[in-house]
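Enquirer: Got a file for you: model23.txt, compact mmCIF, C-alpha atoms.
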```txt
# COMPACT_ATOMS: atom_id res chain seq x y z
CA MET L 1 102.41 263.96 70.85
CA ALA L 2 102.93 261.21 68.28
CA LEU L 3 100.54 258.27 68.28
CA HIS L 4 101.85 254.96 69.62
CA LEU L 5 99.91 251.76 69.05
CA THR L 6 100.78 248.51 70.80
CA PRO L 7 98.80 245.40 69.86
CA ARG L 8 98.59 242.53 72.35
CA ASP L 9 96.58 239.33 72.25
CA SER L 10 93.95 238.43 74.80
CA GLY L 11 92.67 235.06 73.66
CA LEU L 12 91.17 235.53 70.23
CA ILE L 13 90.88 239.24 70.75
CA THR L 14 93.57 241.75 69.83
CA VAL L 15 93.74 244.68 72.23
CA VAL L 16 95.47 247.71 70.75
CA ASP L 17 96.75 250.13 73.39
CA ALA L 18 96.89 253.62 71.91
CA SER L 19 98.57 256.70 73.31
CA GLY L 20 98.98 260.17 71.82
CA ARG L 21 96.86 262.06 69.32
CA ILE L 22 94.91 260.65 66.38
CA THR L 23 95.06 263.59 64.01
CA LEU L 24 95.72 264.47 60.38
CA GLY L 25 99.10 263.17 59.27
CA ASP L 26 101.15 260.62 61.16
CA GLY L 27 98.53 259.74 63.79
CA SER L 28 95.82 258.83 61.29
CA ALA L 29 98.32 257.07 59.02
CA MET L 30 99.66 255.01 61.93
CA LEU L 31 96.18 253.86 62.91
CA ARG L 32 95.36 252.95 59.30
CA LYS L 33 98.59 250.97 58.92
CA THR L 34 98.15 249.07 62.18
CA ILE L 35 94.53 248.12 61.50
CA ARG L 36 95.37 247.08 57.94
CA GLN L 37 98.18 244.90 59.25
CA LEU L 38 95.91 243.21 61.80
CA VAL L 39 93.22 242.61 59.19
CA ASP L 40 95.82 241.10 56.84
CA GLU L 41 96.81 238.73 59.66
CA ALA L 42 93.13 237.80 60.10
CA ARG L 43 93.06 239.40 63.55
CA THR L 44 89.71 241.04 63.08
CA ASN L 45 88.32 241.10 66.62
CA ILE L 46 89.91 244.30 67.81
CA LEU L 47 89.51 246.26 71.02
CA LEU L 48 91.03 249.72 70.70
CA ASN L 49 92.09 251.04 74.09
CA LEU L 50 91.94 254.85 73.94
CA ALA L 51 92.74 255.49 77.62
CA ASP L 52 95.80 257.54 76.73
CA VAL L 53 94.33 259.30 73.69
CA ASP L 54 93.01 262.69 74.68
CA TYR L 55 92.80 264.30 71.28
CA ILE L 56 91.17 263.22 68.02
CA ASP L 57 90.36 265.57 65.14
CA SER L 58 88.00 265.02 62.19
CA SER L 59 90.72 263.16 60.33
CA GLY L 60 91.17 260.83 63.29
CA ILE L 61 87.42 260.31 63.54
CA GLY L 62 87.39 259.44 59.84
CA GLU L 63 90.18 256.94 60.42
CA LEU L 64 88.29 255.30 63.28
CA VAL L 65 85.24 254.94 61.05
CA SER L 66 87.40 253.59 58.24
CA ALA L 67 88.94 251.03 60.63
CA TYR L 68 85.47 250.04 61.82
CA THR L 69 84.18 249.39 58.30
CA ALA L 70 87.40 247.62 57.23
CA VAL L 71 87.21 245.20 60.15
CA ARG L 72 83.49 244.56 59.75
CA SER L 73 83.88 243.89 56.03
CA LYS L 74 86.10 240.95 57.04
CA GLY L 75 83.52 239.63 59.48
CA GLY L 76 85.21 241.06 62.56
CA GLU L 77 84.43 243.74 65.10
CA LEU L 78 86.14 246.88 66.30
CA LYS L 79 85.18 248.11 69.74
CA LEU L 80 86.45 250.96 71.87
CA LEU L 81 87.69 250.94 75.45
CA HIS L 82 88.37 253.61 78.09
CA LEU L 83 87.42 256.84 76.34
CA THR L 84 88.76 260.07 77.80
CA LYS L 85 86.17 262.78 78.38
CA LYS L 86 87.14 264.74 75.28
CA VAL L 87 86.97 261.68 73.02
CA HIS L 88 83.72 260.58 74.68
CA ASP L 89 82.17 264.00 74.02
CA LEU L 90 83.44 264.02 70.44
CA LEU L 91 81.86 260.64 69.68
CA GLN L 92 78.67 261.79 71.33
CA ILE L 93 78.23 264.99 69.32
CA THR L 94 79.12 263.23 66.06
CA LYS L 95 76.58 260.48 66.90
CA LEU L 96 79.26 257.81 66.57
CA PHE L 97 78.21 256.42 69.93
CA THR L 98 75.38 254.88 67.95
CA VAL L 99 77.95 253.14 65.73
CA PHE L 100 80.75 252.03 68.06
CA GLU L 101 80.39 249.73 71.03
CA VAL L 102 82.18 251.45 73.90
CA PHE L 103 83.37 249.86 77.16
CA SER L 104 84.83 251.19 80.36
CA ASP L 105 86.40 247.96 81.60
CA GLU L 106 88.52 245.52 79.66
CA PRO L 107 87.15 242.16 80.92
CA SER L 108 83.60 243.14 79.95
CA ALA L 109 84.81 244.33 76.59
CA ILE L 110 86.68 241.05 75.97
CA ARG L 111 83.64 239.00 77.00
CA SER L 112 81.42 240.95 74.61
CA PHE L 113 83.24 239.47 71.60
CA GLN L 114 82.29 235.90 72.60
CA MET X 1 101.44 295.62 71.75
CA CYS X 2 102.59 292.44 70.05
CA TYR X 3 101.62 288.86 70.67
CA PRO X 4 104.30 286.75 72.33
CA TYR X 5 105.28 284.76 69.26
CA ASN X 6 108.63 283.81 67.94
CA ALA X 7 108.53 285.65 64.63
CA ALA X 8 111.50 283.72 63.28
CA LYS X 9 109.71 280.43 63.77
CA ILE X 10 106.52 281.64 62.11
CA GLY X 11 108.53 283.39 59.41
CA HIS X 12 109.58 279.99 58.16
CA PHE X 13 106.02 279.45 57.11
CA GLY X 14 105.10 282.88 55.87
CA VAL X 15 104.62 286.50 56.79
CA LEU X 16 103.70 287.74 60.22
CA THR X 17 102.29 291.17 60.90
CA SER X 18 100.98 292.52 64.14
CA ARG X 19 99.20 295.78 64.81
CA MET X 20 96.81 297.32 67.22
CA ALA X 21 93.86 299.38 66.00
CA GLU X 22 91.92 300.96 68.82
CA ASP X 23 90.80 298.09 71.05
CA THR X 24 91.28 295.37 68.47
CA LYS X 25 94.48 293.37 68.25
CA HIS X 26 95.19 291.73 64.95
CA LEU X 27 97.50 288.91 63.99
CA GLU X 28 97.92 287.56 60.50
CA VAL X 29 100.04 284.75 59.13
CA THR X 30 100.37 283.08 55.74
CA LEU X 31 100.80 279.34 55.93
CA GLU X 32 102.09 276.84 53.44
CA THR X 33 99.69 274.19 52.17
CA GLN X 34 101.19 271.36 54.16
CA VAL X 35 100.18 269.16 57.08
CA GLU X 36 102.55 270.95 59.47
CA SER X 37 100.55 274.16 59.03
CA VAL X 38 97.62 272.53 60.80
CA ASN X 39 99.59 271.99 64.00
CA LEU X 40 101.24 275.40 63.76
CA ALA X 41 97.94 277.23 63.38
CA GLU X 42 96.43 275.31 66.28
CA GLU X 43 99.43 276.01 68.49
CA MET X 44 99.41 279.73 67.69
CA CYS X 45 95.71 280.15 68.37
CA LEU X 46 95.92 278.12 71.56
CA ARG X 47 98.61 280.43 72.90
CA LEU X 48 96.56 283.46 71.95
CA ALA X 49 93.42 282.04 73.52
CA GLU X 50 95.27 281.24 76.74
CA ALA X 51 96.73 284.74 76.84
CA ALA X 52 93.23 286.16 76.27
CA GLY X 53 91.99 284.34 79.37
CA PHE X 54 90.05 281.44 77.93
CA GLY X 55 89.85 278.36 80.17
CA GLU X 56 91.11 274.90 79.25
CA ASP X 57 87.86 273.63 77.73
CA GLU X 58 87.34 276.72 75.60
CA CYS X 59 90.97 276.64 74.48
CA TYR X 60 90.45 273.06 73.37
CA ARG X 61 87.38 274.06 71.35
CA ILE X 62 89.13 277.03 69.77
CA GLY X 63 92.23 274.95 68.98
CA MET X 64 90.15 272.18 67.45
CA SER X 65 88.15 274.68 65.36
CA VAL X 66 91.27 276.34 64.00
CA ARG X 67 92.69 272.93 63.26
CA GLU X 68 89.55 271.95 61.35
CA GLY X 69 89.50 275.26 59.48
CA VAL X 70 93.07 274.81 58.31
CA ILE X 71 92.50 271.13 57.43
CA ASN X 72 89.54 272.29 55.34
CA ALA X 73 91.70 274.88 53.56
CA PHE X 74 94.57 272.44 53.10
CA HIS X 75 92.55 269.53 51.78
CA TYR X 76 89.29 270.80 50.27
CA GLY X 77 90.16 274.40 49.40
CA ASN X 78 93.74 274.23 48.17
CA LYS X 79 93.51 270.53 47.18
CA GLU X 80 96.88 270.03 48.89
CA LYS X 81 98.60 272.03 46.14
CA PRO X 82 101.85 273.42 47.58
CA GLU X 83 101.82 276.55 45.40
CA LYS X 84 98.65 277.75 47.16
CA LYS X 85 98.61 279.43 50.55
CA ILE X 86 96.42 279.37 53.62
CA HIS X 87 95.74 282.72 55.27
CA LEU X 88 95.06 282.78 58.99
CA ALA X 89 93.97 286.00 60.70
CA ILE X 90 92.93 286.55 64.28
CA ASP X 91 91.20 289.60 65.69
CA LEU X 92 90.98 290.00 69.42
CA THR X 93 88.35 292.58 70.34
CA PRO X 94 87.26 293.45 73.89
CA GLU X 95 84.31 291.08 73.35
CA LYS X 96 85.57 288.14 71.36
CA MET X 97 88.26 286.32 69.48
CA ILE X 98 87.50 286.21 65.75
CA ILE X 99 89.36 283.76 63.53
CA HIS X 100 89.52 283.85 59.74
CA VAL X 101 90.89 280.96 57.69
CA THR X 102 91.06 281.68 53.96
CA ASP X 103 92.11 279.34 51.18
CA GLU X 104 92.92 279.90 47.51
CA GLY X 105 90.48 277.33 46.15
CA ALA X 106 87.16 277.64 44.36
CA GLY X 107 85.04 278.34 47.44
CA PHE X 108 81.96 276.46 48.56
CA ILE X 109 78.41 277.07 49.67
CA LEU X 110 77.88 276.24 53.31
CA LYS X 111 74.35 274.94 52.86
CA ASP X 112 75.61 272.41 50.30
CA VAL X 113 77.81 270.67 52.86
CA PRO X 114 76.25 267.28 53.76
CA ASP X 115 75.03 266.80 57.32
CA PRO X 116 77.43 264.33 58.99
CA LEU X 117 74.73 263.39 61.51
CA ALA X 118 72.36 262.15 58.80
CA GLU X 119 71.92 258.38 58.99
CA GLU X 120 73.40 257.87 55.52
CA ASN X 121 76.53 259.86 56.42
CA LEU X 122 77.35 258.39 59.83
CA LEU X 123 79.88 255.97 58.35
CA SER X 124 81.45 258.57 56.09
CA THR X 125 85.20 258.84 56.62
CA SER X 126 85.18 262.61 56.07
CA GLY X 127 82.97 265.69 56.25
CA ARG X 128 82.87 266.41 59.99
CA GLY X 129 85.16 269.45 60.13
CA ILE X 130 82.51 272.10 59.43
CA PHE X 131 80.19 270.42 61.91
CA LEU X 132 82.83 270.52 64.65
CA MET X 133 83.63 274.19 64.05
CA ARG X 134 79.94 275.05 64.24
CA ALA X 135 79.56 273.03 67.41
CA PHE X 136 82.61 274.44 69.17
CA MET X 137 82.46 278.15 68.28
CA ASP X 138 79.84 280.76 69.20
CA GLU X 139 79.56 282.12 65.67
CA PHE X 140 80.48 280.50 62.38
CA ASP X 141 80.10 281.35 58.72
CA VAL X 142 81.77 280.81 55.36
CA VAL X 143 82.04 283.72 52.93
CA LYS X 144 83.59 284.20 49.52
CA ALA X 145 87.10 285.58 49.90
CA GLU X 146 88.51 288.32 47.66
CA THR X 147 90.77 285.65 46.14
CA GLY X 148 87.70 283.63 45.16
CA GLY X 149 88.41 280.99 47.75
CA ALA X 150 86.50 280.25 50.91
CA GLU X 151 86.92 282.32 54.04
CA ILE X 152 85.86 280.63 57.24
CA VAL X 153 84.97 283.20 59.90
CA MET X 154 84.32 282.05 63.43
CA SER X 155 84.34 283.62 66.84
CA LYS X 156 84.27 282.87 70.53
CA ARG X 157 83.19 285.34 73.19
CA LEU X 158 85.86 286.23 75.70
CA PRO X 159 85.37 285.07 79.28
CA GLY X 160 83.44 287.77 81.11
CA ALA X 161 82.29 289.51 77.93
CA GLY X 162 78.57 290.13 77.44
CA SER X 163 76.50 287.32 75.96
CA ALA X 164 75.19 289.32 73.00
CA PRO X 165 77.50 290.26 70.11
CA SER X 166 78.12 293.99 70.31
CA ASN X 167 79.77 294.74 66.98
CA GLY X 168 76.76 293.93 64.84
CA SER X 169 78.49 291.15 62.97
CA GLY X 170 76.65 288.25 64.53
CA SER X 171 73.17 286.95 63.98
CA GLY X 172 71.40 283.75 64.77
CA GLY X 173 74.31 282.28 66.71
CA HIS X 174 76.11 280.93 63.66
CA HIS X 175 77.26 283.96 61.78
CA ALA X 176 80.34 286.08 62.10
CA GLY X 177 81.03 289.06 59.91
CA PRO X 178 83.45 288.77 57.00
CA HIS X 179 87.03 289.85 57.44
CA GLN X 180 87.40 293.57 56.74
CA GLY X 181 90.93 293.53 55.46
CA ALA X 182 94.25 293.39 57.25
```
Take the structure from the file and write it as structure tokens.

Expert:
Amino acid sequence: MALHLTPRDSGLITVVDASGRITLGDGSAMLRKTIRQLVDEARTNILLNLADVDYIDSSGIGELVSAYTAVRSKGGELKLLHLTKKVHDLLQITKLFTVFEVFSDEPSAIRSFQ
Amino acid sequence: MCYPYNAAKIGHFGVLTSRMAEDTKHLEVTLETQVESVNLAEEMCLRLAEAAGFGEDECYRIGMSVREGVINAFHYGNKEKPEKKIHLAIDLTPEKMIIHVTDEGAGFILKDVPDPLAEENLLSTSGRGIFLMRAFMDEFDVVKAETGGAEIVMSKRLPGAGSAPSNGSGSGGHHAGPHQGA
């Protein structure tokens, strides 16, 4: 299933609703392009909603890390929302839970940026 | 007995052979060095794993491992060169499913692969494929292929099969025997 990313604004925060797979090829490229575009528009407080993403491979993990460092290098933050079990487990075994801030409800996630 | 694949579809990517030797079923396919091969290999192995009786979680782990093996061959082994091939072979024994992914690159030494969990590598944008295969499969090893490239060999015990490897190829939980020819 192709990756779809839909950015929406919530105050000064940009929530990006993702659905599909973040994998080698189009999925990773789409995430890279979207994050780059947001950073170029100075929208660097980003909450990535992964509720409808149930599959990420090593390429997708690499792209998430790349997005994280790109946003932080511009003084912003990239946080994750609503992980599916598979994605949760993947971030846990790769120790990326120690890197990303992860939330299970959107209002709390939005408040955490302030 | 043949696996339920559409040979015409796979034939677009390479050569398919199927045979049965005693209790072991063997499937072999040659894939092009292209991104689409990653999805194709994953899809094929998922169907095989389902047919072999693996549950949803194990199928996910097998599919992900095959995916990572082929990504490794595509990117690191064959350096994305279209003239090189990726060789995928699957043996289904009464005890386990054994998967071989072979590239036509220069090969690599497993112990030289950086640990992606090391503090200094946590923010690396690559290098997690080997780790995931090791984590998701029962046995995992990388050997030098006859072509000089790397051959990833990994296996998963079949549901209901005994917990100890019975063919003598495994040791220490992270080793599977090299492919013995097709």

Enquirer: Which residues of chain L sit at most 9 Å from chain X, using only C-alpha atoms? Give each one's shortest atom pair and distance in Å (one decimal place), in chain and ascending residue order, as CSV.

Expert:
```
residue,atom,partner,partner_atom,distance
L:Leu24,CA,X:Val35,CA,7.3
L:Gly25,CA,X:Val35,CA,6.5
L:Asp57,CA,X:Met64,CA,7.0
L:Ser58,CA,X:Gly129,CA,5.7
L:Ser59,CA,X:Ser126,CA,7.0
L:Ile61,CA,X:Thr125,CA,7.4
L:Gly62,CA,X:Thr125,CA,3.9
L:Glu63,CA,X:Thr125,CA,6.5
L:Leu64,CA,X:Thr125,CA,8.2
L:Val65,CA,X:Thr125,CA,5.9
L:Ser66,CA,X:Thr125,CA,5.9
L:Tyr68,CA,X:Leu123,CA,8.9
L:Thr69,CA,X:Leu123,CA,7.9
L:Leu90,CA,X:Leu132,CA,8.7
L:Ile93,CA,X:Ala135,CA,8.4
L:Thr94,CA,X:Leu117,CA,6.3
L:Lys95,CA,X:Leu117,CA,6.4
L:Leu96,CA,X:Leu122,CA,7.0
L:Val99,CA,X:Leu122,CA,7.9
```

Enquirer: Let's have the selection written as a PDB file, in the frame of the given file, with C-alpha atoms.

Expert:
```
ATOM      1  CA  LEU L  24      95.720 264.470  60.380  1.00  0.00           C
ATOM      2  CA  GLY L  25      99.100 263.170  59.270  1.00  0.00           C
ATOM      3  CA  ASP L  57      90.360 265.570  65.140  1.00  0.00           C
ATOM      4  CA  SER L  58      88.000 265.020  62.190  1.00  0.00           C
ATOM      5  CA  SER L  59      90.720 263.160  60.330  1.00  0.00           C
ATOM      6  CA  ILE L  61      87.420 260.310  63.540  1.00  0.00           C
ATOM      7  CA  GLY L  62      87.390 259.440  59.840  1.00  0.00           C
ATOM      8  CA  GLU L  63      90.180 256.940  60.420  1.00  0.00           C
ATOM      9  CA  LEU L  64      88.290 255.300  63.280  1.00  0.00           C
ATOM     10  CA  VAL L  65      85.240 254.940  61.050  1.00  0.00           C
ATOM     11  CA  SER L  66      87.400 253.590  58.240  1.00  0.00           C
ATOM     12  CA  TYR L  68      85.470 250.040  61.820  1.00  0.00           C
ATOM     13  CA  THR L  69      84.180 249.390  58.300  1.00  0.00           C
ATOM     14  CA  LEU L  90      83.440 264.020  70.440  1.00  0.00           C
ATOM     15  CA  ILE L  93      78.230 264.990  69.320  1.00  0.00           C
ATOM     16  CA  THR L  94      79.120 263.230  66.060  1.00  0.00           C
ATOM     17  CA  LYS L  95      76.580 260.480  66.900  1.00  0.00           C
ATOM     18  CA  LEU L  96      79.260 257.810  66.570  1.00  0.00           C
ATOM     19  CA  VAL L  99      77.950 253.140  65.730  1.00  0.00           C
TER      20      VAL L  99
END
```

Enquirer: Just want the 6 Å neighbourhood of Val101 (chain X), counted on only C-alpha atoms, with same-chain residues fewer than 4 positions away dropped. Output as a VMD selection string.

Expert: chain X and resid 87 to 88 151 to 152

Enquirer: Which residues come within 10 Å of region 8-11 of chain L, counting only C-alpha atoms, excluding same-chain residues fewer than 5 positions away, as a list of chain:residue names?

Expert: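 The neighbour list is L:Val16, L:Asp17, L:Arg43, L:Ile46, L:Leu47, L:Pro107, L:Ile110.
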
Enquirer: Which protein, DNA or RNA residues have an atom at most 12 Å from (100.4, 259.1, 61.5), counting all atoms listed in the file? List them as a PyMOL selection string.

Expert: (chain L and resi 1-5+20-34+59-60+63) or (chain X and resi 35)

Enquirer: Have a look at CA of Ile90 (chain X) and CA of Asp112 (chain X) and let me know their distance in Å, one decimal.

Expert: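 Atom-to-atom, CA of Ile90 (chain X) to CA of Asp112 (chain X), that is 26.4 Å.
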
Enquirer: Using all atoms listed in the file, which of the listed residues (L:Thr6, L:Ile13, L:Asp40, L:Phe113) sits closest to Ala70 (chain L)?

Expert: L:Asp40

Enquirer: Report, in Å with one decimal, the straight-line distance from CA of Asp138 (chain X) to CA of Asp52 (chain L).

Expert: 29.2 Å

Enquirer: Every residue with an atom at most 8 Å from (93.7, 289.8, 63.2) (file coordinates; all atoms listed in the file) is what I'm after, so could you write them as a list in words?

Expert: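 Looking at atoms near the point gives Ser18, Lys25, His26, Leu27, Glu28, Ala89, Ile90, Asp91, Leu92, Ile98, Ile99 and Ala182 of chain X.
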
Enquirer: Measure the distance from CA of Met44 (chain X) to CA of Arg134 (chain X) in Å and round it to one decimal.

Expert: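 Between CA of Met44 (chain X) and CA of Arg134 (chain X) the gap is 20.3 Å.
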
Enquirer: Skip Phe54 (chain X) itself and residues of its chain fewer than 4 positions away, then list as a ChimeraX atom specification all residues within 10 Å of it, counting all atoms listed in the file.

Expert: /X:46-50,58-60,62,97,156-160

Enquirer: Nearest to Leu81 (chain L) among L:Ile56, L:Leu48, L:Val39, L:Ala67, with distances taken over only C-alpha atoms: which residue is it?

Expert: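 Nearest candidate to Leu81 (chain L) out of L:Ile56, L:Leu48, L:Val39, L:Ala67: L:Leu48.
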
Enquirer: Excluding Lys111 (chain X) and its own-chain neighbours fewer than 2 positions away, which residues fall within 12 Å of it when counting all atoms listed in the file? Please give them as a ChimeraX atom specification.

Expert: /X:108-109,113-115,130-131,141-143

Enquirer: So that I can see what lies close to Lys84 (chain X), please list as a list in words the residues with an atom at most 9 Å from it, counting only C-alpha atoms and leaving out residues fewer than 6 positions away in the same chain.

Expert: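 Once the adjacent positions are removed, what remains is Glu32, Thr33, Phe74, Asn78, Asp103, Glu104 and Gly105 of chain X.
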
Enquirer: Keeping C-alpha atoms, export the residues of the selection given above as a PDB file, in the frame of the given file.

Expert:
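Wrote it out as again_6.pdb, contents follow:
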```pdb
ATOM      1  CA  GLU X  32     102.090 276.840  53.440  1.00  0.00           C
ATOM      2  CA  THR X  33      99.690 274.190  52.170  1.00  0.00           C
ATOM      3  CA  PHE X  74      94.570 272.440  53.100  1.00  0.00           C
ATOM      4  CA  ASN X  78      93.740 274.230  48.170  1.00  0.00           C
ATOM      5  CA  ASP X 103      92.110 279.340  51.180  1.00  0.00           C
ATOM      6  CA  GLU X 104      92.920 279.900  47.510  1.00  0.00           C
ATOM      7  CA  GLY X 105      90.480 277.330  46.150  1.00  0.00           C
TER       8      GLY X 105
END
```

Enquirer: Of the residues L:Leu12, L:Val71, L:Leu83, L:Ala42, which is the one nearest to Ser112 (chain L), using all atoms listed in the file?

Expert: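 The shortest atom-to-atom distance to Ser112 (chain L) comes from L:Leu12.
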